[in-house]
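Structure data follow from structure-v2.pdb (PDB, C-alpha atoms and all ligand atoms):
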```pdb
ATOM      1  CA  MET M   1      24.419 -57.226 -93.391  1.00  0.00           C
ATOM      2  CA  ASP M   2      25.615 -60.511 -94.769  1.00  0.00           C
ATOM      3  CA  SER M   3      24.582 -60.796 -98.445  1.00  0.00           C
ATOM      4  CA  ASP M   4      23.128 -64.276 -97.876  1.00  0.00           C
ATOM      5  CA  ILE M   5      20.873 -62.825 -95.209  1.00  0.00           C
ATOM      6  CA  LYS M   6      19.896 -59.940 -97.455  1.00  0.00           C
ATOM      7  CA  GLN M   7      18.953 -62.249-100.301  1.00  0.00           C
ATOM      8  CA  LEU M   8      16.988 -64.587 -98.069  1.00  0.00           C
ATOM      9  CA  LEU M   9      15.117 -61.659 -96.551  1.00  0.00           C
ATOM     10  CA  GLU M  10      14.266 -60.416-100.001  1.00  0.00           C
ATOM     11  CA  LEU M  11      13.080 -63.891-100.929  1.00  0.00           C
ATOM     12  CA  GLN M  12      10.907 -64.074 -97.847  1.00  0.00           C
ATOM     13  CA  ASP M  13       9.432 -60.643 -98.598  1.00  0.00           C
ATOM     14  CA  ILE M  14       8.431 -61.872-102.035  1.00  0.00           C
ATOM     15  CA  ASP M  15       7.048 -65.119-100.612  1.00  0.00           C
ATOM     16  CA  LEU M  16       4.957 -63.301 -98.017  1.00  0.00           C
ATOM     17  CA  ARG M  17       3.633 -60.964-100.669  1.00  0.00           C
ATOM     18  CA  ILE M  18       2.764 -63.921-102.911  1.00  0.00           C
ATOM     19  CA  LYS M  19       1.034 -65.679-100.043  1.00  0.00           C
ATOM     20  CA  ALA M  20      -1.030 -62.613 -99.137  1.00  0.00           C
ATOM     21  CA  LEU M  21      -2.031 -61.987-102.751  1.00  0.00           C
ATOM     22  CA  GLU M  22      -2.993 -65.604-103.308  1.00  0.00           C
ATOM     23  CA  LYS M  23      -5.160 -65.523-100.224  1.00  0.00           C
ATOM     24  CA  GLU M  24      -6.814 -62.307-101.368  1.00  0.00           C
ATOM     25  CA  LYS M  25      -7.384 -63.767-104.827  1.00  0.00           C
ATOM     26  CA  GLU M  26      -8.869 -66.924-103.368  1.00  0.00           C
ATOM     27  CA  GLU M  27     -11.510 -64.927-101.496  1.00  0.00           C
ATOM     28  CA  ILE M  28     -12.671 -62.880-104.471  1.00  0.00           C
ATOM     29  CA  PRO M  29     -15.057 -65.417-106.098  1.00  0.00           C
ATOM     30  CA  LYS M  30     -16.934 -65.805-102.836  1.00  0.00           C
ATOM     31  CA  GLN M  31     -17.130 -62.027-102.379  1.00  0.00           C
ATOM     32  CA  ILE M  32     -18.495 -61.699-105.910  1.00  0.00           C
ATOM     33  CA  GLN M  33     -21.020 -64.429-105.218  1.00  0.00           C
ATOM     34  CA  THR M  34     -22.231 -62.646-102.079  1.00  0.00           C
ATOM     35  CA  LEU M  35     -22.638 -59.393-104.003  1.00  0.00           C
ATOM     36  CA  GLU M  36     -24.559 -61.179-106.771  1.00  0.00           C
ATOM     37  CA  GLU M  37     -26.824 -62.759-104.168  1.00  0.00           C
ATOM     38  CA  GLU M  38     -27.536 -59.405-102.530  1.00  0.00           C
ATOM     39  CA  LYS M  39     -28.265 -57.887-105.918  1.00  0.00           C
ATOM     40  CA  ASN M  40     -30.594 -60.729-106.869  1.00  0.00           C
ATOM     41  CA  SER M  41     -32.420 -60.666-103.569  1.00  0.00           C
ATOM     42  CA  LEU M  42     -33.187 -56.995-104.144  1.00  0.00           C
ATOM     43  CA  LEU M  43     -34.588 -57.823-107.568  1.00  0.00           C
ATOM     44  CA  SER M  44     -36.618 -60.728-106.268  1.00  0.00           C
ATOM     45  CA  LYS M  45     -37.978 -58.524-103.488  1.00  0.00           C
ATOM     46  CA  LEU M  46     -39.368 -56.174-106.110  1.00  0.00           C
ATOM     47  CA  ASN M  47     -40.621 -59.138-108.068  1.00  0.00           C
ATOM     48  CA  ASN M  48     -42.441 -60.508-105.035  1.00  0.00           C
ATOM     49  CA  ILE M  49     -44.103 -57.185-104.307  1.00  0.00           C
ATOM     50  CA  GLU M  50     -45.325 -57.033-107.900  1.00  0.00           C
ATOM     51  CA  LYS M  51     -46.679 -60.573-107.648  1.00  0.00           C
ATOM     52  CA  SER M  52     -48.493 -59.779-104.390  1.00  0.00           C
ATOM     53  CA  LEU M  53     -49.992 -56.643-105.909  1.00  0.00           C
ATOM     54  CA  LYS M  54     -51.329 -58.594-108.887  1.00  0.00           C
ATOM     55  CA  GLN M  55     -52.812 -61.195-106.584  1.00  0.00           C
ATOM     56  CA  LEU M  56     -54.469 -58.534-104.435  1.00  0.00           C
ATOM     57  CA  GLU M  57     -55.980 -56.820-107.482  1.00  0.00           C
ATOM     58  CA  LEU M  58     -57.329 -60.159-108.612  1.00  0.00           C
ATOM     59  CA  THR M  59     -58.883 -60.896-105.226  1.00  0.00           C
ATOM     60  CA  LYS M  60     -60.378 -57.395-105.173  1.00  0.00           C
ATOM     61  CA  LYS M  61     -62.038 -58.017-108.558  1.00  0.00           C
ATOM     62  CA  GLU M  62     -63.448 -61.319-107.323  1.00  0.00           C
ATOM     63  CA  LYS M  63     -64.916 -59.610-104.263  1.00  0.00           C
ATOM     64  CA  GLU M  64     -66.460 -56.907-106.426  1.00  0.00           C
ATOM     65  CA  LEU M  65     -68.037 -59.597-108.530  1.00  0.00           C
ATOM     66  CA  ASP M  66     -69.382 -61.168-105.312  1.00  0.00           C
ATOM     67  CA  ILE M  67     -71.045 -57.877-104.416  1.00  0.00           C
ATOM     68  CA  TYR M  68     -72.560 -57.623-107.884  1.00  0.00           C
ATOM     69  CA  GLN M  69     -74.021 -61.105-107.503  1.00  0.00           C
ATOM     70  CA  GLN M  70     -75.425 -60.315-104.067  1.00  0.00           C
ATOM     71  CA  GLU M  71     -77.019 -57.156-105.462  1.00  0.00           C
ATOM     72  CA  ASN M  72     -78.629 -59.155-108.249  1.00  0.00           C
ATOM     73  CA  GLN M  73     -79.857 -61.566-105.662  1.00  0.00           C
ATOM     74  CA  ILE M  74     -81.448 -58.698-103.732  1.00  0.00           C
ATOM     75  CA  LYS M  75     -83.151 -57.412-106.903  1.00  0.00           C
ATOM     76  CA  LYS M  76     -84.626 -60.851-107.490  1.00  0.00           C
ATOM     77  CA  ILE M  77     -85.857 -61.039-103.912  1.00  0.00           C
ATOM     78  CA  GLU M  78     -87.468 -57.617-104.242  1.00  0.00           C
ATOM     79  CA  GLU M  79     -89.270 -58.747-107.359  1.00  0.00           C
ATOM     80  CA  ASN M  80     -90.387 -61.928-105.711  1.00  0.00           C
ATOM     81  CA  LEU M  81     -91.742 -59.953-102.791  1.00  0.00           C
ATOM     82  CA  ASN M  82     -94.497 -58.724-105.124  1.00  0.00           C
ATOM     83  CA  TYR M  83     -95.713 -62.207-105.724  1.00  0.00           C
ATOM     84  CA  VAL M  84     -95.685 -63.760-102.245  1.00  0.00           C
ATOM     85  CA  LYS M  85     -98.896 -65.309-101.062  1.00  0.00           C
ATOM     86  CA  THR M  86     -98.228 -66.098 -97.428  1.00  0.00           C
ATOM     87  CA  ASN M  87     -96.826 -64.205 -94.532  1.00  0.00           C
ATOM     88  CA  GLU M  88     -94.317 -67.016 -93.960  1.00  0.00           C
ATOM     89  CA  GLU M  89     -93.026 -66.703 -97.506  1.00  0.00           C
ATOM     90  CA  TYR M  90     -92.761 -62.933 -97.070  1.00  0.00           C
ATOM     91  CA  LYS M  91     -90.758 -63.261 -93.874  1.00  0.00           C
ATOM     92  CA  ALA M  92     -88.454 -65.837 -95.439  1.00  0.00           C
ATOM     93  CA  LEU M  93     -87.710 -63.545 -98.394  1.00  0.00           C
ATOM     94  CA  LEU M  94     -86.973 -60.603 -96.092  1.00  0.00           C
ATOM     95  CA  ARG M  95     -84.569 -62.766 -94.106  1.00  0.00           C
ATOM     96  CA  GLU M  96     -82.879 -63.770 -97.329  1.00  0.00           C
ATOM     97  CA  LYS M  97     -82.599 -60.115 -98.360  1.00  0.00           C
ATOM     98  CA  ALA M  98     -81.179 -59.088 -94.996  1.00  0.00           C
ATOM     99  CA  HIS M  99     -78.687 -61.865 -95.241  1.00  0.00           C
ATOM    100  CA  ALA M 100     -77.519 -60.706 -98.691  1.00  0.00           C
ATOM    101  CA  GLU M 101     -77.213 -57.119 -97.451  1.00  0.00           C
ATOM    102  CA  GLU M 102     -75.150 -58.276 -94.533  1.00  0.00           C
ATOM    103  CA  ARG M 103     -72.943 -60.279 -96.848  1.00  0.00           C
ATOM    104  CA  ILE M 104     -72.378 -57.185 -99.021  1.00  0.00           C
ATOM    105  CA  MET M 105     -71.228 -55.193 -96.013  1.00  0.00           C
ATOM    106  CA  GLU M 106     -68.820 -57.927 -95.059  1.00  0.00           C
ATOM    107  CA  ILE M 107     -67.376 -58.052 -98.549  1.00  0.00           C
ATOM    108  CA  GLU M 108     -67.042 -54.267 -98.619  1.00  0.00           C
ATOM    109  CA  ASP M 109     -64.992 -54.460 -95.430  1.00  0.00           C
ATOM    110  CA  GLU M 110     -62.801 -57.106 -97.003  1.00  0.00           C
ATOM    111  CA  ILE M 111     -62.295 -54.922-100.067  1.00  0.00           C
ATOM    112  CA  LEU M 112     -61.287 -51.984 -97.889  1.00  0.00           C
ATOM    113  CA  LYS M 113     -58.657 -54.114 -96.210  1.00  0.00           C
ATOM    114  CA  ILE M 114     -57.351 -55.260 -99.572  1.00  0.00           C
ATOM    115  CA  MET M 115     -57.160 -51.669-100.800  1.00  0.00           C
ATOM    116  CA  GLU M 116     -55.173 -50.717 -97.745  1.00  0.00           C
ATOM    117  CA  GLU M 117     -52.741 -53.538 -98.417  1.00  0.00           C
ATOM    118  CA  ILE M 118     -52.465 -52.484-102.039  1.00  0.00           C
ATOM    119  CA  GLU M 119     -51.699 -48.934-100.984  1.00  0.00           C
ATOM    120  CA  ASN M 120     -48.985 -50.016 -98.563  1.00  0.00           C
ATOM    121  CA  LEU M 121     -47.378 -52.379-101.028  1.00  0.00           C
ATOM    122  CA  SER M 122     -47.528 -49.803-103.802  1.00  0.00           C
ATOM    123  CA  LYS M 123     -45.706 -47.353-101.590  1.00  0.00           C
ATOM    124  CA  GLU M 124     -43.083 -49.990-100.783  1.00  0.00           C
ATOM    125  CA  LYS M 125     -42.745 -50.780-104.472  1.00  0.00           C
ATOM    126  CA  GLU M 126     -42.284 -47.117-105.369  1.00  0.00           C
ATOM    127  CA  GLU M 127     -39.598 -46.668-102.748  1.00  0.00           C
ATOM    128  CA  LEU M 128     -37.775 -49.766-103.859  1.00  0.00           C
ATOM    129  CA  GLN M 129     -38.026 -48.799-107.509  1.00  0.00           C
ATOM    130  CA  ALA M 130     -36.690 -45.345-106.799  1.00  0.00           C
ATOM    131  CA  SER M 131     -33.543 -46.790-105.257  1.00  0.00           C
ATOM    132  CA  ILE M 132     -33.127 -49.971-107.231  1.00  0.00           C
ATOM    133  CA  ASP M 133     -31.377 -48.534-110.292  1.00  0.00           C
ATOM    134  CA  LYS M 134     -28.802 -46.866-108.104  1.00  0.00           C
ATOM    135  CA  GLU M 135     -28.425 -50.021-106.022  1.00  0.00           C
ATOM    136  CA  MET M 136     -27.982 -52.191-109.103  1.00  0.00           C
ATOM    137  CA  GLU M 137     -25.355 -49.795-110.397  1.00  0.00           C
ATOM    138  CA  LYS M 138     -23.598 -49.877-107.036  1.00  0.00           C
ATOM    139  CA  TYR M 139     -23.521 -53.683-107.037  1.00  0.00           C
ATOM    140  CA  ASP M 140     -22.292 -53.822-110.629  1.00  0.00           C
ATOM    141  CA  GLN M 141     -19.502 -51.422-109.762  1.00  0.00           C
ATOM    142  CA  LEU M 142     -18.493 -53.443-106.717  1.00  0.00           C
ATOM    143  CA  ILE M 143     -18.554 -56.678-108.696  1.00  0.00           C
ATOM    144  CA  ASN M 144     -16.515 -55.175-111.521  1.00  0.00           C
ATOM    145  CA  GLY M 145     -14.080 -53.787-108.973  1.00  0.00           C
ATOM    146  CA  LYS M 146     -13.561 -57.266-107.575  1.00  0.00           C
ATOM    147  CA  LYS M 147     -13.016 -58.701-111.059  1.00  0.00           C
ATOM    148  CA  GLU M 148     -10.499 -55.999-111.866  1.00  0.00           C
ATOM    149  CA  ARG M 149      -8.696 -56.577-108.574  1.00  0.00           C
ATOM    150  CA  LYS M 150      -8.426 -60.270-109.418  1.00  0.00           C
ATOM    151  CA  GLN M 151      -6.785 -59.470-112.738  1.00  0.00           C
ATOM    152  CA  GLN M 152      -4.482 -57.002-111.057  1.00  0.00           C
ATOM    153  CA  ILE M 153      -3.480 -59.645-108.500  1.00  0.00           C
ATOM    154  CA  GLU M 154      -2.815 -62.144-111.259  1.00  0.00           C
ATOM    155  CA  GLN M 155      -0.475 -59.692-112.957  1.00  0.00           C
ATOM    156  CA  GLU M 156       1.278 -58.874-109.686  1.00  0.00           C
ATOM    157  CA  LEU M 157       1.683 -62.566-108.944  1.00  0.00           C
ATOM    158  CA  GLU M 158       3.191 -63.212-112.336  1.00  0.00           C
ATOM    159  CA  LYS M 159       5.708 -60.427-111.792  1.00  0.00           C
ATOM    160  CA  LEU M 160       6.521 -61.550-108.244  1.00  0.00           C
ATOM    161  CA  LYS M 161       7.017 -65.134-109.344  1.00  0.00           C
ATOM    162  CA  SER M 162       9.410 -64.136-112.067  1.00  0.00           C
ATOM    163  CA  ASP M 163      11.251 -61.853-109.630  1.00  0.00           C
ATOM    164  CA  ARG M 164      11.477 -64.764-107.261  1.00  0.00           C
ATOM    165  CA  GLU M 165      12.854 -67.045-109.916  1.00  0.00           C
ATOM    166  CA  GLN M 166      15.462 -64.457-110.773  1.00  0.00           C
ATOM    167  CA  LEU M 167      16.435 -63.948-107.149  1.00  0.00           C
ATOM    168  CA  ALA M 168      16.547 -67.663-106.389  1.00  0.00           C
ATOM    169  CA  LYS M 169      19.140 -68.127-109.121  1.00  0.00           C
ATOM    170  CA  ASP M 170      21.541 -65.921-107.191  1.00  0.00           C
ATOM    171  CA  ILE M 171      21.153 -67.748-103.891  1.00  0.00           C
ATOM    172  CA  LYS M 172      23.487 -70.599-103.020  1.00  0.00           C
ATOM    173  CA  PRO M 173      21.612 -73.827-103.796  1.00  0.00           C
ATOM    174  CA  SER M 174      22.266 -75.351-100.378  1.00  0.00           C
ATOM    175  CA  LEU M 175      20.945 -72.254 -98.668  1.00  0.00           C
ATOM    176  CA  LEU M 176      17.942 -72.058-100.960  1.00  0.00           C
ATOM    177  CA  ASN M 177      17.173 -75.717-100.280  1.00  0.00           C
ATOM    178  CA  LYS M 178      17.308 -75.135 -96.560  1.00  0.00           C
ATOM    179  CA  TYR M 179      15.088 -72.103 -96.901  1.00  0.00           C
ATOM    180  CA  GLU M 180      12.525 -74.062 -98.916  1.00  0.00           C
ATOM    181  CA  ARG M 181      12.595 -76.940 -96.441  1.00  0.00           C
ATOM    182  CA  ILE M 182      11.958 -74.748 -93.416  1.00  0.00           C
ATOM    183  CA  LYS M 183       9.336 -72.735 -95.270  1.00  0.00           C
ATOM    184  CA  GLU M 184       7.555 -75.946 -96.234  1.00  0.00           C
ATOM    185  CA  LYS M 185       7.564 -77.107 -92.642  1.00  0.00           C
ATOM    186  CA  ARG M 186       6.976 -73.849 -90.766  1.00  0.00           C
ATOM    187  CA  GLY M 187       5.247 -71.533 -93.212  1.00  0.00           C
ATOM    188  CA  THR M 188       8.058 -68.993 -92.978  1.00  0.00           C
ATOM    189  CA  ALA M 189      11.790 -69.708 -93.033  1.00  0.00           C
ATOM    190  CA  ILE M 190      13.150 -66.550 -91.456  1.00  0.00           C
ATOM    191  CA  ALA M 191      12.380 -65.113 -88.037  1.00  0.00           C
ATOM    192  CA  VAL M 192      13.186 -61.428 -87.874  1.00  0.00           C
ATOM    193  CA  VAL M 193      13.822 -60.484 -84.261  1.00  0.00           C
ATOM    194  CA  ASN M 194      14.456 -57.273 -82.366  1.00  0.00           C
ATOM    195  CA  SER M 195      14.778 -58.820 -78.917  1.00  0.00           C
ATOM    196  CA  ASP M 196      16.010 -62.113 -77.540  1.00  0.00           C
ATOM    197  CA  THR M 197      12.804 -63.955 -78.445  1.00  0.00           C
ATOM    198  CA  CYS M 198      12.420 -65.945 -81.655  1.00  0.00           C
ATOM    199  CA  THR M 199       9.404 -64.423 -83.454  1.00  0.00           C
ATOM    200  CA  GLY M 200       8.750 -67.809 -85.072  1.00  0.00           C
ATOM    201  CA  CYS M 201       8.421 -70.050 -82.026  1.00  0.00           C
ATOM    202  CA  PHE M 202       8.800 -67.602 -79.093  1.00  0.00           C
ATOM    203  CA  LEU M 203      11.828 -69.371 -77.679  1.00  0.00           C
ATOM    204  CA  VAL M 204      14.141 -67.160 -75.671  1.00  0.00           C
ATOM    205  CA  ILE M 205      17.343 -67.198 -77.689  1.00  0.00           C
ATOM    206  CA  PRO M 206      20.349 -68.346 -75.600  1.00  0.00           C
ATOM    207  CA  PRO M 207      22.591 -65.346 -74.664  1.00  0.00           C
ATOM    208  CA  ARG M 208      25.656 -66.363 -76.593  1.00  0.00           C
ATOM    209  CA  LEU M 209      23.662 -67.032 -79.754  1.00  0.00           C
ATOM    210  CA  TYR M 210      21.827 -63.770 -79.238  1.00  0.00           C
ATOM    211  CA  SER M 211      24.951 -61.645 -78.967  1.00  0.00           C
ATOM    212  CA  SER M 212      26.337 -63.269 -82.084  1.00  0.00           C
ATOM    213  CA  LEU M 213      23.005 -62.629 -83.788  1.00  0.00           C
ATOM    214  CA  VAL M 214      23.046 -58.922 -82.897  1.00  0.00           C
ATOM    215  CA  LYS M 215      26.488 -58.590 -84.513  1.00  0.00           C
ATOM    216  CA  GLY M 216      24.875 -59.955 -87.698  1.00  0.00           C
ATOM    217  CA  GLU M 217      28.070 -61.464 -88.996  1.00  0.00           C
ATOM    218  CA  LYS M 218      26.727 -64.777 -90.161  1.00  0.00           C
ATOM    219  CA  LEU M 219      23.529 -66.624 -90.747  1.00  0.00           C
ATOM    220  CA  LEU M 220      22.221 -68.277 -87.580  1.00  0.00           C
ATOM    221  CA  SER M 221      19.314 -70.582 -86.905  1.00  0.00           C
ATOM    222  CA  CYS M 222      16.879 -70.856 -84.003  1.00  0.00           C
ATOM    223  CA  PRO M 223      17.821 -73.980 -81.998  1.00  0.00           C
ATOM    224  CA  ASN M 224      14.149 -74.722 -81.432  1.00  0.00           C
ATOM    225  CA  CYS M 225      12.245 -74.165 -84.690  1.00  0.00           C
ATOM    226  CA  GLY M 226      15.167 -74.151 -87.092  1.00  0.00           C
ATOM    227  CA  ARG M 227      14.188 -70.845 -88.727  1.00  0.00           C
ATOM    228  CA  PHE M 228      16.946 -68.550 -89.852  1.00  0.00           C
ATOM    229  CA  LEU M 229      17.338 -65.764 -87.342  1.00  0.00           C
ATOM    230  CA  VAL M 230      17.831 -62.205 -88.521  1.00  0.00           C
ATOM    231  CA  TYR M 231      18.297 -59.359 -86.104  1.00  0.00           C
ATOM    232  CA  LYS M 232      16.789 -55.994 -86.962  1.00  0.00           C
ATOM    233  CA  SER M 233      16.629 -53.273 -84.366  1.00  0.00           C
ATOM    234  CA  GLU M 234      13.518 -51.146 -84.555  1.00  0.00           C
TER
HETATM  235 ZN    ZN E   1      12.369 -70.358 -83.215  1.00  0.00          ZN
END
```

As C-alpha cells, how would this structure be written, given the file I've shared?
Amino acid sequence: MDSDIKQLLELQDIDLRIKALEKEKEEIPKQIQTLEEEKNSLLSKLNNIEKSLKQLELTKKEKELDIYQQENQIKKIEENLNYVKTNEEYKALLREKAHAEERIMEIEDEILKIMEEIENLSKEKEELQASIDKEMEKYDQLINGKKERKQQIEQELEKLKSDREQLAKDIKPSLLNKYERIKEKRGTAIAVVNSDTCTGCFLVIPPRLYSSLVKGEKLLSCPNCGRFLVYKSE
C-alpha cells in the first residue's frame, strides 16, 4: 500500500477514536446526573414514608383524645341523669349519650383504618430500608465508575492527540491540508471500500477509477464527495 494512504488511514483511525471518545465523555455528566437523581428519589421515597407515618401517628393520637373527650362527656351525662326533673330532660340526655356513644364507635373505626395504614407503610418502610444501603452502594459504585471512565478517557484523548500530532508531522502538508478540509466538510476524509460503491456517499465508482483503485497504486478521490478512496478487500 502506498505510504501516503497508510499514513492517512492511520490518521483517520486516530480521528475516529478521538471522536468516539469525545462523544462518550460528553455523555458522562448526564449519566451521572441520572444516577444521582435515581439515588435521591430512593432516599426521598423513604423520607416521604417516614413523614406519612409521623402524620398518621399524630392523627391517631388526636382521635384517641377525641374518644377520651366523648367518654368524659358520657360520664357527665350519666351524672346529670341523677338530677333530671322532667321526662323530656331525661330523654334529651339519653339522646345526647347515644349520640356520644355513636361518635366513639365512628372514631374507633377511623383509628382502625389508620392503624392498618400504619402497618402497611411500616412494612413498606422496612422493605425499603433493608435494600436501601445496598442500593446506595450500588449507585455510588456506578457513579464512581463513570467518574473513573471520564478520567480514563481524558488520558486516552491526551495520548491520541499527541500521537496524532506526531503522525501529522510526517504527512505531506498539502495532503494533510486536503485531508483536514474534507474531514471538516464531510466528517470523515477517507472512504474505505471493498466494492465499487463509495462508502462515504454511496456513489457507484466509475469502472476505470475502480480498477485503478483496486490496484492501490496511488491515492484516488471519489468524484462525487471528494473523499479519498482506499480499497480494502474483506
Ligand atoms: Zn463518495

### Query
Which residues come within 9 Å of segment 226-233 of chain M, counting all atoms listed in the file, excluding same-chain residues fewer than 4 positions away, as a list in words?
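That gives Ile5, Leu9, Tyr179, Ile182, Lys183, Arg186, Thr188, Ala189, Ile190, Ala191, Val192, Val193, Asn194, Ser195, Cys198, Thr199, Gly200, Cys201, Tyr210, Leu213, Val214, Lys215, Gly216, Leu219, Leu220, Ser221 and Cys222 of chain M.
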
Selection file, C-alpha atoms, as a PDB file, keeping the file's coordinate frame:
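So the final result, stored in again-v6.pdb, reads:
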```pdb
ATOM      1  CA  ILE M   5      20.873 -62.825 -95.209  1.00  0.00           C
ATOM      2  CA  LEU M   9      15.117 -61.659 -96.551  1.00  0.00           C
ATOM      3  CA  TYR M 179      15.088 -72.103 -96.901  1.00  0.00           C
ATOM      4  CA  ILE M 182      11.958 -74.748 -93.416  1.00  0.00           C
ATOM      5  CA  LYS M 183       9.336 -72.735 -95.270  1.00  0.00           C
ATOM      6  CA  ARG M 186       6.976 -73.849 -90.766  1.00  0.00           C
ATOM      7  CA  THR M 188       8.058 -68.993 -92.978  1.00  0.00           C
ATOM      8  CA  ALA M 189      11.790 -69.708 -93.033  1.00  0.00           C
ATOM      9  CA  ILE M 190      13.150 -66.550 -91.456  1.00  0.00           C
ATOM     10  CA  ALA M 191      12.380 -65.113 -88.037  1.00  0.00           C
ATOM     11  CA  VAL M 192      13.186 -61.428 -87.874  1.00  0.00           C
ATOM     12  CA  VAL M 193      13.822 -60.484 -84.261  1.00  0.00           C
ATOM     13  CA  ASN M 194      14.456 -57.273 -82.366  1.00  0.00           C
ATOM     14  CA  SER M 195      14.778 -58.820 -78.917  1.00  0.00           C
ATOM     15  CA  CYS M 198      12.420 -65.945 -81.655  1.00  0.00           C
ATOM     16  CA  THR M 199       9.404 -64.423 -83.454  1.00  0.00           C
ATOM     17  CA  GLY M 200       8.750 -67.809 -85.072  1.00  0.00           C
ATOM     18  CA  CYS M 201       8.421 -70.050 -82.026  1.00  0.00           C
ATOM     19  CA  TYR M 210      21.827 -63.770 -79.238  1.00  0.00           C
ATOM     20  CA  LEU M 213      23.005 -62.629 -83.788  1.00  0.00           C
ATOM     21  CA  VAL M 214      23.046 -58.922 -82.897  1.00  0.00           C
ATOM     22  CA  LYS M 215      26.488 -58.590 -84.513  1.00  0.00           C
ATOM     23  CA  GLY M 216      24.875 -59.955 -87.698  1.00  0.00           C
ATOM     24  CA  LEU M 219      23.529 -66.624 -90.747  1.00  0.00           C
ATOM     25  CA  LEU M 220      22.221 -68.277 -87.580  1.00  0.00           C
ATOM     26  CA  SER M 221      19.314 -70.582 -86.905  1.00  0.00           C
ATOM     27  CA  CYS M 222      16.879 -70.856 -84.003  1.00  0.00           C
TER      28      CYS M 222
END
```

### Task
Kindly resolve the PyMOL selection byres (((chain M and resi 48-51) around 10) and not hetatm) on the present coordinates and return the residues as a list of chain:residue names.
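Selected by the PyMOL selection byres (((chain M and resi 48-51) around 10) and not hetatm) here: M:Leu42, M:Leu43, M:Ser44, M:Lys45, M:Leu46, M:Asn47, M:Ser52, M:Leu53, M:Lys54, M:Gln55, M:Leu56, M:Ile118, M:Leu121, M:Ser122, M:Glu124, M:Lys125, M:Leu128.
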
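Atom CA of Asp133 of chain M sits 22.2 Å away from atom CA of Glu148 of chain M.
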
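In this structure, atom CA of Gln166 of chain M sits 17.9 Å away from atom CA of Lys178 of chain M.
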
### Message
Taking 5 positions as the minimum chain separation for residues in the same chain, which residues sit within 12 Å of segment 81-85 of chain M when counting all atoms listed in the file? Answer as a list of chain:residue names.
### Response
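The contact residues come out as M:Ile74, M:Lys75, M:Lys76, M:Tyr90, M:Lys91, M:Ala92, M:Leu93, M:Leu94, M:Arg95, M:Glu96, M:Lys97.
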
#### Entry: Residue list as number ranges by chain for point (-64.5, -61.9, -102.2), cut-off 12 Å, all atoms listed in the file
M: 56-70, 103-114

### Within 10 Å of Glu156 of chain M using all atoms listed in the file, minus same-chain residues under 4 positions, as a VMD selection string
chain M and resid 17 to 18 21 150 to 152 160 to 162

### Interatomic distance (Å, one decimal) between atom CA of Gln31 of chain M and atom CA of Glu154 of chain M
16.8 Å

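Of the residues under consideration (M:Glu217, M:Asp163, M:Asp196, M:Glu116), M:Asp196 shows the shortest atom-to-atom contact distance to ligand ZN 1 (chain E) when counting all atoms listed in the file.
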
### Task
Determine the nearest neighbour of ligand ZN 1 (chain E) from the options M:Ile143, M:Glu234, M:Leu209, M:Leu203, counting all atoms listed in the file.
M:Leu203
